[in-house]
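**Q** protein_27.cif (mmCIF, C-alpha atoms and all ligand atoms) pasted underneath:
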```
data_entry
loop_
_atom_site.label_atom_id
_atom_site.label_comp_id
_atom_site.auth_asym_id
_atom_site.auth_seq_id
_atom_site.Cartn_x
_atom_site.Cartn_y
_atom_site.Cartn_z
CA MET A 1 -27.89 -184.15 58.68
CA PHE A 2 -26.48 -181.59 56.29
CA LYS A 3 -24.96 -179.68 59.16
CA ILE A 4 -23.16 -182.76 60.49
CA THR A 5 -21.65 -183.58 57.07
CA LEU A 6 -20.45 -180.04 56.66
CA THR A 7 -18.81 -180.05 60.08
CA SER A 8 -17.00 -183.33 59.53
CA SER A 9 -15.71 -182.29 56.13
CA MET A 10 -14.51 -179.04 57.66
CA MET A 11 -12.67 -181.05 60.26
CA ILE A 12 -10.99 -183.15 57.58
CA LEU A 13 -10.08 -180.01 55.71
CA SER A 14 -8.49 -178.41 58.75
CA LEU A 15 -6.62 -181.63 59.56
CA THR A 16 -5.24 -181.78 56.02
CA THR A 17 -4.18 -178.16 56.19
CA SER A 18 -2.32 -178.56 59.45
CA THR A 19 -0.55 -181.69 58.17
CA ALA A 20 0.58 -179.73 55.10
CA VAL A 21 1.88 -176.93 57.27
CA MET A 22 3.79 -179.38 59.43
CA ALA A 23 5.33 -180.93 56.34
CA GLU A 24 7.27 -178.71 53.97
CA GLN A 25 5.40 -176.02 52.09
CA LYS A 26 6.21 -176.72 48.46
CA LEU A 27 7.37 -173.87 46.28
CA ASN A 28 4.89 -172.90 43.63
CA VAL A 29 6.81 -172.63 40.35
CA ILE A 30 5.42 -171.57 36.97
CA SER A 31 7.24 -172.70 33.86
CA SER A 32 6.30 -171.36 30.44
CA PHE A 33 6.33 -174.71 28.59
CA SER A 34 6.64 -178.44 29.23
CA ILE A 35 10.29 -179.03 28.23
CA LEU A 36 11.41 -176.30 30.61
CA GLY A 37 8.97 -177.55 33.26
CA ASP A 38 10.68 -180.95 33.30
CA LEU A 39 14.10 -179.33 33.75
CA VAL A 40 12.74 -177.28 36.65
CA SER A 41 11.25 -180.44 38.23
CA GLN A 42 14.58 -182.25 37.93
CA VAL A 43 16.31 -179.58 40.00
CA GLY A 44 13.47 -178.85 42.43
CA GLN A 45 12.30 -182.45 42.95
CA GLU A 46 10.14 -182.88 46.09
CA HIS A 47 10.54 -179.26 47.18
CA ILE A 48 8.43 -177.77 44.38
CA THR A 49 5.31 -178.11 42.30
CA VAL A 50 5.63 -177.00 38.69
CA THR A 51 2.80 -175.73 36.51
CA ASN A 52 3.43 -175.39 32.77
CA LEU A 53 1.51 -172.64 30.99
CA VAL A 54 1.83 -174.29 27.54
CA LYS A 55 0.93 -177.93 28.08
CA VAL A 56 2.40 -181.11 26.55
CA ASP A 57 2.18 -181.18 22.73
CA GLY A 58 1.28 -177.46 22.86
CA ASP A 59 2.73 -174.74 20.65
CA ALA A 60 4.26 -171.84 22.61
CA HIS A 61 4.69 -169.73 19.45
CA VAL A 62 0.94 -169.24 19.08
CA PHE A 63 -0.12 -169.58 22.72
CA ASN A 64 -2.98 -167.43 24.01
CA PRO A 65 -2.82 -167.02 27.80
CA THR A 66 -6.07 -167.14 29.75
CA PRO A 67 -7.12 -165.25 32.91
CA GLN A 68 -6.47 -168.56 34.75
CA ASP A 69 -2.82 -168.38 33.66
CA ALA A 70 -2.55 -164.89 35.16
CA LYS A 71 -4.09 -166.19 38.40
CA ALA A 72 -1.59 -169.07 38.50
CA ILE A 73 1.31 -166.64 38.07
CA ALA A 74 -0.03 -164.37 40.81
CA LYS A 75 0.22 -167.31 43.23
CA ALA A 76 3.74 -168.37 42.17
CA GLN A 77 6.99 -167.90 44.07
CA LEU A 78 9.13 -168.38 40.97
CA VAL A 79 8.50 -167.95 37.24
CA VAL A 80 10.86 -169.65 34.78
CA THR A 81 10.92 -168.81 31.08
CA ASN A 82 13.10 -169.76 28.12
CA GLY A 83 13.72 -166.20 26.95
CA LEU A 84 15.19 -165.33 23.51
CA GLN A 85 11.71 -164.04 22.63
CA PHE A 86 10.24 -167.55 22.66
CA GLU A 87 7.39 -166.46 24.94
CA GLY A 88 6.34 -163.18 23.33
CA TRP A 89 3.13 -163.26 25.40
CA MET A 90 4.93 -163.47 28.76
CA PRO A 91 5.64 -159.79 29.63
CA ARG A 92 1.96 -158.89 29.30
CA LEU A 93 0.96 -161.90 31.37
CA ILE A 94 3.43 -161.01 34.16
CA GLU A 95 1.97 -157.52 34.15
CA ALA A 96 -1.63 -158.74 34.18
CA ALA A 97 -0.79 -160.97 37.16
CA ASN A 98 1.04 -158.10 38.85
CA TYR A 99 3.75 -160.66 39.62
CA GLN A 100 6.59 -159.15 41.66
CA GLY A 101 8.50 -162.35 42.49
CA VAL A 102 11.71 -163.86 41.16
CA GLN A 103 11.98 -164.63 37.46
CA VAL A 104 14.54 -166.91 35.85
CA ILE A 105 15.40 -166.67 32.17
CA ALA A 106 16.79 -170.13 31.59
CA THR A 107 18.86 -169.22 28.53
CA ASN A 108 20.87 -166.53 30.33
CA GLY A 109 24.52 -166.83 29.35
CA ILE A 110 24.07 -169.48 26.65
CA ASP A 111 25.74 -169.45 23.27
CA VAL A 112 22.89 -167.95 21.23
CA LEU A 113 22.38 -169.02 17.63
CA SER A 114 21.36 -166.38 15.15
CA THR A 115 19.22 -167.42 12.21
CA LYS A 116 21.23 -165.00 10.10
CA GLU A 117 24.37 -167.14 10.57
CA GLU A 118 22.36 -170.12 9.52
CA HIS A 119 21.45 -168.46 6.24
CA GLU A 120 25.06 -167.49 5.64
CA HIS A 121 26.26 -170.98 6.40
CA HIS A 122 23.63 -172.26 4.06
CA ASP A 123 24.85 -169.92 1.32
CA ASP A 124 28.43 -171.15 1.66
CA GLU A 125 27.34 -174.70 1.40
CA HIS A 126 25.28 -174.10 -1.69
CA ALA A 127 27.34 -171.60 -3.61
CA HIS A 128 25.80 -172.75 -6.89
CA HIS A 129 22.41 -171.60 -5.66
CA ASP A 130 23.59 -168.03 -5.36
CA ASP A 131 21.04 -166.52 -7.72
CA GLU A 132 18.13 -168.04 -5.88
CA HIS A 133 19.55 -166.97 -2.55
CA ALA A 134 20.21 -163.45 -3.75
CA HIS A 135 16.47 -163.02 -4.08
CA HIS A 136 16.05 -164.50 -0.63
CA ASP A 137 18.68 -162.14 0.79
CA ASP A 138 16.81 -159.10 -0.54
CA LYS A 139 13.80 -160.17 1.39
CA HIS A 140 15.85 -160.16 4.56
CA ALA A 141 17.95 -157.16 3.68
CA HIS A 142 16.10 -154.90 6.11
CA HIS A 143 17.62 -156.98 8.91
CA ASP A 144 21.08 -155.92 7.82
CA ASP A 145 20.52 -152.41 9.13
CA GLU A 146 20.60 -153.78 12.64
CA HIS A 147 23.89 -155.57 12.11
CA GLU A 148 27.40 -154.41 12.78
CA HIS A 149 28.71 -156.37 9.85
CA TYR A 150 26.70 -154.19 7.56
CA ASP A 151 29.73 -153.04 5.65
CA ASP A 152 30.97 -150.66 2.98
CA GLU A 153 30.25 -153.16 0.29
CA HIS A 154 26.55 -152.68 0.93
CA GLU A 155 26.60 -148.95 1.31
CA HIS A 156 25.34 -148.29 -2.20
CA HIS A 157 22.13 -150.04 -1.20
CA ASP A 158 21.40 -147.58 1.58
CA ASP A 159 19.02 -145.30 -0.34
CA GLU A 160 17.17 -148.23 -1.70
CA HIS A 161 16.64 -149.64 1.79
CA ALA A 162 15.67 -146.27 3.21
CA HIS A 163 12.54 -145.91 1.12
CA HIS A 164 11.65 -149.56 1.58
CA ASP A 165 11.59 -149.24 5.35
CA ASP A 166 7.86 -148.54 5.71
CA GLU A 167 7.00 -151.40 3.47
CA HIS A 168 9.16 -153.76 5.51
CA ALA A 169 7.74 -152.57 8.80
CA HIS A 170 4.29 -153.46 7.53
CA HIS A 171 5.62 -156.79 6.28
CA ASP A 172 7.00 -157.56 9.75
CA ASP A 173 3.60 -157.10 11.39
CA GLU A 174 2.04 -159.56 9.02
CA HIS A 175 4.73 -162.18 9.42
CA ALA A 176 5.38 -162.66 13.08
CA HIS A 177 8.25 -165.09 12.53
CA HIS A 178 10.35 -162.30 11.10
CA ASP A 179 9.91 -160.44 14.38
CA HIS A 180 12.20 -162.93 16.06
CA GLY A 181 14.91 -160.89 14.46
CA ASP A 182 17.97 -163.04 14.19
CA ILE A 183 17.65 -165.08 17.36
CA ASP A 184 16.74 -168.75 17.35
CA PRO A 185 14.92 -169.43 20.64
CA HIS A 186 15.03 -173.27 20.46
CA ALA A 187 18.18 -173.48 22.58
CA TRP A 188 17.05 -176.62 24.47
CA HIS A 189 17.96 -178.82 21.51
CA SER A 190 21.58 -178.27 22.54
CA ILE A 191 22.51 -180.42 25.53
CA LYS A 192 25.38 -178.00 26.21
CA ASN A 193 22.86 -175.19 26.54
CA VAL A 194 20.60 -177.23 28.78
CA LYS A 195 23.45 -177.53 31.27
CA ALA A 196 23.33 -173.72 31.47
CA TYR A 197 19.53 -173.91 31.85
CA ILE A 198 20.07 -176.21 34.85
CA HIS A 199 22.55 -173.83 36.48
CA ASN A 200 20.18 -170.89 36.00
CA ILE A 201 17.20 -172.83 37.37
CA ALA A 202 19.20 -173.98 40.44
CA LYS A 203 20.28 -170.38 41.06
CA GLY A 204 16.67 -169.20 40.96
CA LEU A 205 15.42 -171.94 43.28
CA ILE A 206 18.22 -171.21 45.77
CA GLN A 207 17.39 -167.52 45.69
CA VAL A 208 13.76 -168.20 46.56
CA ASP A 209 14.36 -171.14 48.92
CA PRO A 210 17.89 -170.92 50.38
CA ALA A 211 17.05 -173.49 53.08
CA ASN A 212 17.26 -176.27 50.46
CA THR A 213 20.40 -175.03 48.72
CA ASP A 214 22.28 -178.31 49.20
CA ASP A 215 19.48 -180.33 47.60
CA TYR A 216 19.17 -178.02 44.60
CA GLN A 217 22.90 -178.09 44.03
CA LYS A 218 23.06 -181.87 44.32
CA ASN A 219 20.06 -182.37 42.01
CA ALA A 220 21.59 -180.04 39.43
CA LYS A 221 24.90 -181.87 39.58
CA ASP A 222 23.24 -185.29 39.25
CA TYR A 223 21.16 -184.15 36.29
CA ILE A 224 24.13 -182.62 34.50
CA GLN A 225 25.85 -186.01 34.78
CA LYS A 226 22.85 -187.56 33.03
CA LEU A 227 23.11 -184.89 30.33
CA ASP A 228 26.83 -185.65 29.84
CA LYS A 229 26.04 -189.33 29.44
CA LEU A 230 23.25 -188.66 26.95
CA GLU A 231 25.46 -186.32 24.93
CA LEU A 232 28.11 -189.02 24.52
CA LYS A 233 25.47 -191.55 23.53
CA ILE A 234 23.89 -189.25 20.95
CA ASN A 235 27.25 -188.51 19.37
CA ALA A 236 28.00 -192.22 19.14
CA GLN A 237 24.60 -192.94 17.57
CA LEU A 238 24.90 -190.18 15.00
CA ALA A 239 28.41 -191.31 14.13
CA THR A 240 26.79 -194.39 12.55
CA VAL A 241 25.15 -192.15 9.92
CA PRO A 242 27.44 -190.94 7.09
CA LYS A 243 27.73 -187.13 7.06
CA THR A 244 26.32 -186.91 3.53
CA GLN A 245 23.13 -188.64 4.73
CA ARG A 246 22.52 -186.27 7.61
CA LYS A 247 19.96 -184.00 5.96
CA VAL A 248 16.39 -183.88 7.15
CA ILE A 249 13.24 -181.77 6.79
CA THR A 250 10.95 -180.65 9.60
CA PRO A 251 7.85 -178.40 9.45
CA HIS A 252 9.40 -175.43 11.28
CA ASP A 253 12.98 -174.41 11.92
CA ALA A 254 13.22 -175.72 15.49
CA PHE A 255 16.43 -177.74 15.35
CA GLY A 256 19.12 -175.15 14.61
CA TYR A 257 20.93 -175.84 17.88
CA PHE A 258 20.73 -179.59 17.36
CA ALA A 259 22.14 -179.04 13.87
CA ARG A 260 25.02 -177.01 15.27
CA ASP A 261 25.93 -179.43 18.06
CA PHE A 262 25.40 -182.73 16.26
CA ASN A 263 26.25 -181.93 12.68
CA VAL A 264 22.90 -182.69 11.08
CA THR A 265 21.40 -180.36 8.46
CA PHE A 266 17.78 -179.42 9.08
CA LEU A 267 15.68 -177.66 6.45
CA ALA A 268 12.15 -176.39 7.01
CA PRO A 269 9.39 -174.73 4.98
CA GLN A 270 8.53 -172.52 7.98
CA GLY A 271 10.86 -170.23 9.89
CA THR A 272 11.79 -170.38 13.56
CA SER A 273 8.19 -169.62 14.53
CA THR A 274 5.01 -171.46 13.61
CA GLY A 275 3.20 -168.11 13.70
CA SER A 276 2.87 -167.77 9.94
CA GLU A 277 2.52 -170.11 7.01
CA ALA A 278 5.26 -170.95 4.55
CA SER A 279 4.81 -169.18 1.23
CA ALA A 280 4.29 -171.17 -1.96
CA ALA A 281 7.64 -169.86 -3.20
CA ASP A 282 9.41 -171.09 -0.05
CA VAL A 283 7.86 -174.53 -0.45
CA ALA A 284 8.75 -174.72 -4.15
CA LYS A 285 12.33 -173.74 -3.36
CA LEU A 286 12.57 -176.34 -0.60
CA ILE A 287 11.21 -179.08 -2.85
CA LYS A 288 13.83 -178.18 -5.45
CA GLN A 289 16.53 -178.32 -2.83
CA ILE A 290 15.32 -181.68 -1.45
CA ARG A 291 15.57 -183.15 -4.95
CA HIS A 292 18.93 -181.54 -5.65
CA ASP A 293 20.52 -182.47 -2.31
CA LYS A 294 18.85 -185.89 -2.27
CA VAL A 295 17.39 -185.41 1.19
CA ASN A 296 16.16 -188.79 2.32
CA ALA A 297 13.72 -188.14 5.10
CA VAL A 298 11.08 -185.69 6.21
CA PHE A 299 9.73 -185.61 9.75
CA MET A 300 6.53 -184.52 11.41
CA GLU A 301 6.53 -182.55 14.66
CA ASN A 302 4.38 -183.10 17.69
CA ILE A 303 3.31 -179.45 17.82
CA ALA A 304 2.86 -178.77 14.13
CA ASP A 305 0.31 -178.98 11.38
CA ASN A 306 1.91 -181.77 9.36
CA ARG A 307 -0.10 -181.53 6.14
CA LEU A 308 2.59 -179.54 4.34
CA ILE A 309 5.26 -182.04 5.32
CA GLU A 310 3.10 -184.87 4.01
CA GLN A 311 2.69 -182.97 0.74
CA ILE A 312 6.46 -182.43 0.48
CA SER A 313 7.03 -186.13 1.12
CA ARG A 314 4.58 -187.04 -1.66
CA GLU A 315 6.06 -184.60 -4.17
CA THR A 316 9.71 -185.45 -3.57
CA GLY A 317 9.53 -189.12 -2.69
CA ALA A 318 11.48 -188.42 0.51
CA LYS A 319 10.28 -190.94 3.05
CA MET A 320 8.32 -190.01 6.13
CA GLY A 321 10.76 -190.61 8.97
CA GLY A 322 8.34 -190.32 11.88
CA LYS A 323 7.58 -187.64 14.43
CA LEU A 324 10.08 -185.43 16.24
CA TYR A 325 9.36 -183.60 19.47
CA SER A 326 10.35 -180.00 18.85
CA ASP A 327 8.84 -177.44 21.22
CA ALA A 328 6.94 -179.56 23.74
CA LEU A 329 7.13 -182.88 25.57
CA SER A 330 4.63 -185.69 25.03
CA SER A 331 2.02 -186.83 27.52
CA PRO A 332 3.31 -189.42 30.04
CA ASP A 333 2.04 -192.41 28.01
CA GLN A 334 4.00 -191.30 24.92
CA PRO A 335 7.77 -191.66 24.32
CA ALA A 336 8.94 -188.09 25.07
CA ALA A 337 7.57 -187.36 28.52
CA THR A 338 10.87 -185.92 29.85
CA TYR A 339 13.68 -183.91 28.31
CA LEU A 340 16.09 -186.89 28.39
CA LYS A 341 13.48 -189.17 26.80
CA MET A 342 12.65 -186.52 24.18
CA MET A 343 16.26 -186.13 23.07
CA GLN A 344 16.79 -189.88 22.98
CA TYR A 345 13.58 -190.44 21.03
CA ASN A 346 14.40 -187.72 18.49
CA VAL A 347 17.88 -189.14 17.90
CA ASP A 348 16.58 -192.71 17.64
CA THR A 349 14.00 -191.55 15.11
CA ILE A 350 16.50 -189.58 13.02
CA VAL A 351 19.18 -192.28 13.06
CA ASN A 352 16.61 -194.91 12.17
CA ALA A 353 15.32 -192.95 9.19
CA LEU A 354 18.78 -192.06 7.88
CA GLN A 355 20.31 -195.53 7.86
CA PRO A 356 21.53 -196.18 4.33
ZN ZN B 401 9.44 -173.58 17.60
#
```
Will you turn the file into structure tokens for me?
Ligand SMILES: [Zn+2]

**A**
Amino acid sequence: MFKITLTSSMMILSLTTSTAVMAEQKLNVISSFSILGDLVSQVGQEHITVTNLVKVDGDAHVFNPTPQDAKAIAKAQLVVTNGLQFEGWMPRLIEAANYQGVQVIATNGIDVLSTKEEHEHHDDEHAHHDDEHAHHDDKHAHHDDEHEHYDDEHEHHDDEHAHHDDEHAHHDDEHAHHDHGDIDPHAWHSIKNVKAYIHNIAKGLIQVDPANTDDYQKNAKDYIQKLDKLELKINAQLATVPKTQRKVITPHDAFGYFARDFNVTFLAPQGTSTGSEASAADVAKLIKQIRHDKVNAVFMENIADNRLIEQISRETGAKMGGKLYSDALSSPDQPAATYLKMMQYNVDTIVNALQP
């Protein structure tokens, strides 16, 4: 009896296998996180299967890869990552998997946003806060050494910085978000950038699977048309909100590119990574600024611990505007299951909360 069952199931198995071989062998693609995974799916469509390492509603900043993730990468024909140091855990994982295949860094060639510029912009806007910011600038002064714009004006600080170097190095280890240097990795919140993502993804797929070049090119073109349409719609929606109202708070600094493209000011108690907690001083300063600038709404994030944001809402009276999807998509039954849906949902949520 047992023998018969085994034989028949083996027959089914071999039938299934030969059918699969007769049909197209799908490319096995690994994407580092869900937002990127959707973009890869849009270009690859029926020719690929995509596995996301960081799942929906997951936080890539603090992701811990498992041996299963290394196994999945070892079996892949293409690995797609965001780059800009978003996936700090990736190089080790690629090495552990001994992956030798093609890798695509989706942000290649995009217009990168530096967090340093953001601070400077911020300073210009709030000139009357100079004294407070001066303190803040000292904290970040060790970053200046790396910058070309480090000019004569600052030269008299050199000695001071020199003997602080060790201290700062230690400080950097403790606070991982400072390790991002001056690069903001959240480039997908710019639709312009995502068009570059799509081009890079299509290039990678074509390199690995040239037989389907026409399909990948057509899919990329179709999707970029959808992005163009969405971009126009978002601009029209945001135009209904007066510029002075366009100030919002989120838990971590994930929306710098959105801010740049769509002219909305985002403030956050945490930096561009969720890897370390906001200090009490940072929170106190933010609360002061919310009151001063009359910021109307604070938002939760799908990937974040939202207790601090709730506290800030309570202390300032700024209303809770809802939840934004920052670094991950939602599950299929929630409103941000694809990139297009995520962007639309975020804009709807922001515009709704900011209506005068
Ligand atoms: Zn983030």

**Q** Pick out the residues no farther than 10 Å from ligand ZN 401 (chain B), counting only C-alpha atoms and all ligand atoms, and list them as a list in words.

**A**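 The distance check yields Asp59, Ala60, His61, Val62, Phe86, His177, Asp184, Pro185, His186, Pro251, His252, Asp253, Ala254, Phe255, Gln270, Gly271, Thr272, Ser273, Thr274, Gly275, Glu301, Ile303, Ala304, Ser326, Asp327 and Ala328 of chain A.
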
**Q** For the atom pair CA of Gly58 (chain A) and CA of Ser330 (chain A), what is the interatomic distance in Å to one decimal place?

**A**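 Straight-line distance from CA of Gly58 (chain A) to CA of Ser330 (chain A) works out to 9.1 Å.
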
**Q** Using only C-alpha atoms, find all polymer residues with an atom at most 12 Å away from the point (2.1, -182.5, 5.8); report them as a list of chain:residue names.

**A**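 Looking at atoms near the point gives A:Ile249, A:Thr250, A:Pro251, A:His252, A:Ala268, A:Pro269, A:Val283, A:Val298, A:Phe299, A:Met300, A:Glu301, A:Ala304, A:Asp305, A:Asn306, A:Arg307, A:Leu308, A:Ile309, A:Glu310, A:Gln311, A:Ile312, A:Ser313, A:Arg314, A:Glu315, A:Met320, A:Gly322, A:Lys323.
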
**Q** Have a look at A:Ala353, A:Asn108, A:Ile73, A:Val347 and name the one nearest to Ala96 (chain A); count all atoms listed in the file.

**A**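 Of A:Ala353, A:Asn108, A:Ile73, A:Val347, the one nearest Ala96 (chain A) is A:Ile73, counting all atoms listed in the file.
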
**Q** Which residue gives the smallest distance to Ala70 (chain A) among A:Gln42, A:Asn82, A:Asn352, A:Asn98, with all atoms listed in the file counted?

**A**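 Looking only at the distances to Ala70 (chain A), the closest residue turns out to be A:Asn98.
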
**Q** Name the residues within 7 Å of (-1.4, -165.1, 27.6), counting only C-alpha atoms in the file's coordinates, and put them as a PyMOL selection string.

**A** chain A and resi 63-66+89-90+93

**Q** Interatomic distance between CA of Asn235 (chain A) and CA of Asn263 (chain A)?

**A**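 Separation of CA of Asn235 (chain A) and CA of Asn263 (chain A): 9.4 Å.
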
**Q** Which distance in Å separates CA of Ala76 (chain A) and CA of Thr107 (chain A), to one decimal?

**A**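 CA of Ala76 (chain A) sits 20.4 Å away from CA of Thr107 (chain A).
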
**Q** Out of A:Thr244, A:Asn52, A:Gln103, A:Gln344, which residue has the shortest atom-to-atom distance to Phe33 (chain A) when counting all atoms listed in the file?

**A** A:Asn52

**Q** With distances taken over all atoms listed in the file, which of A:Asp111, A:Asp57, A:Gln45, A:Lys26 is nearest to Gln334 (chain A)?

**A**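 The answer is A:Asp57, which sits nearest to Gln334 (chain A).
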
**Q** Nearest residue to Ile110 (chain A) out of A:Thr81, A:Ser41, A:Ser34, A:Ser190, using all atoms listed in the file?

**A**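 Ranked by minimum distance to Ile110 (chain A), first place goes to A:Ser190.
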